[in-house]
Amino acid sequence: MEDIERAEQLVGTVLKKKWKIEKILGVGGTATVFLATHRNQRKVAVKLLHQRLSGYPEVRDRFLREGYVANTLETDGVVEILDDDVTEDGQAFLVMEVLEGETVDARWMSLGQKMPAPEAMKWLDPTLVVLHHAHQKGIVHRDIKPENLFITTEDRLKVLDFGIARIFEDAD
């Protein structure tokens with residue numbers, strides 16, 4: 001409840017004198033995602049770590065690492081991270097491309113919790129391509145689930161949330 005109230009208070013504010021928060025797109029366990037507009041008028045998504053978690057350096061570092069991990073994969077099957085920063089009051093945030101569409105979970109729900117096998121199979125290959133890229137870089141996602149697979153309005157799949165990914169430094 002506190003996270004939602006805080007998120008609602010942020011609508012209309014400007015982060016770091018350049019990202020105007022327009023509306024809430026979603027609230028999760030660790031962060032809120034907002035639609036925002038850069039001062040140059042580019043629309044973006046801003047993922048803001050919850051204030052209650054921002055005081056923990058290890059949580060903040062892991063959150064910011066999500067952006068670095070996603071950008072190292074060099075595939076369009078992940079969300080592009082455009083920027084990262086920390087607000088004046090210490091909340092870490094990621095600036096990402098805006099996605100339009102729905103998660104695989106939302107699609108499954110809209111189909112009455114019965115996704116036809118051909119449709120489910122359609123999303124398997126693009127998911128495996130992203131995971132293959134990740135594994136080649138020594139990265140294990142660790143949270144693959146329908147809520148973290150996003151189908152864009154262009155009918156492309158994006159793997160979301162590398163926040164708890166494990167990086168193996170010795171990977172070749």
# chains A, B, ... in the order shown; residues from 1 in each chain; ligands from 1
call {"tool": "residues_around", "arguments": {"residues": "Glu80 of chain A", "least_positions_apart": "2", "cutoff": "9 Å", "atoms": "only C-alpha atoms", "output": "PyMOL selection string"}}
result
chain A and resi 67+70-71+76+78+82+95-98
call {"tool": "write_last_selection", "arguments": {"atoms": "N, CA and C atoms", "output": "PDB file, in the first residue's frame"}}
result
ATOM      1  N   GLY A  67      20.144  -3.311 -15.527  1.00  0.00           N
ATOM      2  CA  GLY A  67      20.336  -2.575 -16.768  1.00  0.00           C
ATOM      3  C   GLY A  67      21.607  -2.958 -17.481  1.00  0.00           C
ATOM      4  N   ALA A  70      21.126  -6.536 -19.012  1.00  0.00           N
ATOM      5  CA  ALA A  70      20.270  -6.534 -20.207  1.00  0.00           C
ATOM      6  C   ALA A  70      21.004  -5.961 -21.410  1.00  0.00           C
ATOM      7  N   ASN A  71      21.743  -4.893 -21.210  1.00  0.00           N
ATOM      8  CA  ASN A  71      22.420  -4.247 -22.340  1.00  0.00           C
ATOM      9  C   ASN A  71      23.614  -5.050 -22.862  1.00  0.00           C
ATOM     10  N   ASP A  76      17.682  -7.940 -29.563  1.00  0.00           N
ATOM     11  CA  ASP A  76      16.463  -7.140 -29.424  1.00  0.00           C
ATOM     12  C   ASP A  76      15.385  -7.878 -28.632  1.00  0.00           C
ATOM     13  N   VAL A  78      15.466  -8.298 -25.482  1.00  0.00           N
ATOM     14  CA  VAL A  78      15.425  -7.745 -24.118  1.00  0.00           C
ATOM     15  C   VAL A  78      15.093  -6.259 -24.214  1.00  0.00           C
ATOM     16  N   LEU A  82      18.200   2.669 -21.356  1.00  0.00           N
ATOM     17  CA  LEU A  82      18.749   3.898 -21.909  1.00  0.00           C
ATOM     18  C   LEU A  82      19.578   4.695 -20.910  1.00  0.00           C
ATOM     19  N   VAL A  95      15.955   3.820 -16.858  1.00  0.00           N
ATOM     20  CA  VAL A  95      15.168   4.410 -17.938  1.00  0.00           C
ATOM     21  C   VAL A  95      15.224   3.419 -19.098  1.00  0.00           C
ATOM     22  N   MET A  96      14.058   3.005 -19.571  1.00  0.00           N
ATOM     23  CA  MET A  96      13.981   1.935 -20.558  1.00  0.00           C
ATOM     24  C   MET A  96      13.081   2.331 -21.717  1.00  0.00           C
ATOM     25  N   GLU A  97      13.219   1.579 -22.807  1.00  0.00           N
ATOM     26  CA  GLU A  97      12.278   1.760 -23.906  1.00  0.00           C
ATOM     27  C   GLU A  97      10.881   1.424 -23.398  1.00  0.00           C
ATOM     28  N   VAL A  98       9.886   2.092 -23.959  1.00  0.00           N
ATOM     29  CA  VAL A  98       8.494   1.801 -23.606  1.00  0.00           C
ATOM     30  C   VAL A  98       8.025   0.625 -24.441  1.00  0.00           C
TER      31      VAL A  98
END
call {"tool": "residues_around", "arguments": {"residues": "segment 142-159 of chain A", "least_positions_apart": "4", "cutoff": "10 Å", "atoms": "only C-alpha atoms", "output": "ChimeraX atom specification"}}
result
/A:70,75-80,99-108,122-128,130-131,163-166
call {"tool": "closest_residue", "arguments": {"among": "A:Arg6, A:His135, A:Arg65, A:Lys20", "to": "His50 of chain A", "atoms": "only C-alpha atoms"}}
result
A:Arg6
call {"tool": "residues_around", "arguments": {"residues": "Asn40 of chain A", "least_positions_apart": "2", "cutoff": "10 Å", "atoms": "only C-alpha atoms", "output": "ChimeraX atom specification"}}
result
/A:18-19,37-38,42-43
call {"tool": "write_last_selection", "arguments": {"atoms": "C-alpha atoms", "output": "PDB file, in the first residue's frame"}}
result
ATOM      1  CA  LYS A  18      14.724  15.683 -17.172  1.00  0.00           C
ATOM      2  CA  TRP A  19      12.254  12.775 -16.756  1.00  0.00           C
ATOM      3  CA  THR A  37       8.699  11.937 -20.947  1.00  0.00           C
ATOM      4  CA  HIS A  38      12.228  13.240 -21.345  1.00  0.00           C
ATOM      5  CA  ARG A  42      10.918  11.120 -25.945  1.00  0.00           C
ATOM      6  CA  LYS A  43       8.546   8.715 -24.179  1.00  0.00           C
TER       7      LYS A  43
END
call {"tool": "atom_distance", "arguments": {"atom1": "atom CA of His141 of chain A", "atom2": "atom CA of Glu74 of chain A"}}
result
15.0 Å
call {"tool": "select_by_dssp", "arguments": {"residues": "segment 5-158 of chain A", "states": "helix (DSSP H, G or I)", "output": "VMD selection string"}}
result
chain A and resid 5 to 10 51 to 54 57 to 72 104 to 110 117 to 122 124 to 136 146 to 148
call {"tool": "closest_residue", "arguments": {"among": "A:Lys47, A:Arg52, A:Lys137, A:Lys23", "to": "Leu160 of chain A", "atoms": "only C-alpha atoms"}}
result
A:Lys47
call {"tool": "atom_distance", "arguments": {"atom1": "atom CA of Ser54 of chain A", "atom2": "atom CA of Ala36 of chain A"}}
result
20.4 Å
call {"tool": "decode", "arguments": {"residues": "segment 12-26 of chain A", "atoms": "all heavy atoms", "output": "compact mmCIF listing (two decimals), in the first residue's frame"}}
result
# COMPACT_ATOMS: atom_id res chain seq x y z
N GLY A 12 3.54 13.40 -12.12
CA GLY A 12 3.62 14.84 -12.33
C GLY A 12 4.95 15.46 -11.92
O GLY A 12 5.24 16.60 -12.26
N THR A 13 5.78 14.70 -11.20
CA THR A 13 7.07 15.23 -10.79
C THR A 13 8.11 14.98 -11.88
O THR A 13 7.88 14.25 -12.83
CB THR A 13 7.55 14.59 -9.47
OG1 THR A 13 7.78 13.20 -9.67
CG2 THR A 13 6.54 14.80 -8.35
N VAL A 14 9.28 15.60 -11.71
CA VAL A 14 10.37 15.46 -12.67
C VAL A 14 11.59 14.88 -11.94
O VAL A 14 12.03 15.44 -10.94
CB VAL A 14 10.72 16.82 -13.32
CG1 VAL A 14 11.89 16.68 -14.27
CG2 VAL A 14 9.50 17.40 -14.03
N LEU A 15 12.12 13.77 -12.46
CA LEU A 15 13.32 13.16 -11.89
C LEU A 15 14.56 13.74 -12.55
O LEU A 15 14.62 13.84 -13.78
CB LEU A 15 13.32 11.64 -12.13
CG LEU A 15 12.20 10.82 -11.51
CD1 LEU A 15 12.38 9.35 -11.88
CD2 LEU A 15 12.15 10.99 -10.01
N LYS A 16 15.51 14.12 -11.74
CA LYS A 16 16.81 14.60 -12.21
C LYS A 16 16.69 15.71 -13.26
O LYS A 16 17.49 15.80 -14.18
CB LYS A 16 17.65 13.44 -12.75
CG LYS A 16 17.91 12.34 -11.75
CD LYS A 16 18.60 12.79 -10.50
CE LYS A 16 20.08 12.92 -10.71
NZ LYS A 16 20.83 13.12 -9.48
N LYS A 17 15.68 16.52 -13.14
CA LYS A 17 15.44 17.67 -14.01
C LYS A 17 15.26 17.30 -15.48
O LYS A 17 15.44 18.14 -16.36
CB LYS A 17 16.57 18.69 -13.87
CG LYS A 17 16.71 19.23 -12.47
CD LYS A 17 17.82 20.25 -12.37
CE LYS A 17 17.94 20.73 -10.93
NZ LYS A 17 19.05 21.66 -10.76
N LYS A 18 14.90 16.04 -15.77
CA LYS A 18 14.72 15.68 -17.17
C LYS A 18 13.65 14.64 -17.46
O LYS A 18 13.18 14.57 -18.58
CB LYS A 18 16.05 15.24 -17.79
CG LYS A 18 16.73 14.08 -17.13
CD LYS A 18 18.07 13.80 -17.80
CE LYS A 18 18.88 12.80 -17.02
NZ LYS A 18 20.17 12.53 -17.66
N TRP A 19 13.23 13.82 -16.50
CA TRP A 19 12.25 12.77 -16.76
C TRP A 19 10.94 13.11 -16.05
O TRP A 19 10.84 12.96 -14.84
CB TRP A 19 12.75 11.42 -16.26
CG TRP A 19 14.10 11.03 -16.77
CD1 TRP A 19 15.28 11.03 -16.06
CD2 TRP A 19 14.43 10.60 -18.08
NE1 TRP A 19 16.31 10.62 -16.86
CE2 TRP A 19 15.82 10.33 -18.12
CE3 TRP A 19 13.68 10.40 -19.24
CZ2 TRP A 19 16.47 9.89 -19.25
CZ3 TRP A 19 14.34 9.95 -20.38
CH2 TRP A 19 15.71 9.70 -20.38
N LYS A 20 9.93 13.59 -16.78
CA LYS A 20 8.63 13.91 -16.18
C LYS A 20 7.80 12.63 -16.08
O LYS A 20 7.51 11.97 -17.08
CB LYS A 20 7.88 14.95 -16.99
CG LYS A 20 6.57 15.32 -16.32
CD LYS A 20 5.83 16.42 -17.01
CE LYS A 20 4.58 16.74 -16.19
NZ LYS A 20 3.68 17.60 -16.89
N ILE A 21 7.39 12.31 -14.85
CA ILE A 21 6.59 11.12 -14.59
C ILE A 21 5.14 11.41 -15.00
O ILE A 21 4.51 12.32 -14.47
CB ILE A 21 6.65 10.73 -13.09
CG1 ILE A 21 8.10 10.48 -12.66
CG2 ILE A 21 5.77 9.53 -12.81
CD1 ILE A 21 8.81 9.37 -13.38
N GLU A 22 4.64 10.63 -15.96
CA GLU A 22 3.30 10.85 -16.51
C GLU A 22 2.23 9.99 -15.84
O GLU A 22 1.17 10.49 -15.48
CB GLU A 22 3.29 10.56 -18.02
CG GLU A 22 4.30 11.36 -18.82
CD GLU A 22 3.96 12.84 -18.92
OE1 GLU A 22 2.80 13.22 -18.71
OE2 GLU A 22 4.88 13.62 -19.23
N LYS A 23 2.50 8.68 -15.72
CA LYS A 23 1.51 7.79 -15.09
C LYS A 23 2.18 6.49 -14.67
O LYS A 23 3.27 6.16 -15.12
CB LYS A 23 0.35 7.51 -16.03
CG LYS A 23 0.68 6.66 -17.23
CD LYS A 23 -0.60 6.39 -18.06
CE LYS A 23 -0.28 5.46 -19.22
NZ LYS A 23 -1.49 5.11 -19.97
N ILE A 24 1.49 5.76 -13.82
CA ILE A 24 1.96 4.46 -13.34
C ILE A 24 1.59 3.40 -14.37
O ILE A 24 0.43 3.31 -14.80
CB ILE A 24 1.32 4.11 -11.98
CG1 ILE A 24 1.71 5.15 -10.93
CG2 ILE A 24 1.72 2.70 -11.55
CD1 ILE A 24 0.93 5.04 -9.63
N LEU A 25 2.58 2.60 -14.76
CA LEU A 25 2.31 1.48 -15.66
C LEU A 25 2.16 0.17 -14.89
O LEU A 25 1.45 -0.72 -15.33
CB LEU A 25 3.44 1.34 -16.69
CG LEU A 25 3.63 2.50 -17.66
CD1 LEU A 25 4.84 2.25 -18.56
CD2 LEU A 25 2.37 2.70 -18.50
N GLY A 26 2.84 0.06 -13.75
CA GLY A 26 2.74 -1.15 -12.95
C GLY A 26 3.53 -1.03 -11.67
O GLY A 26 4.51 -0.29 -11.60
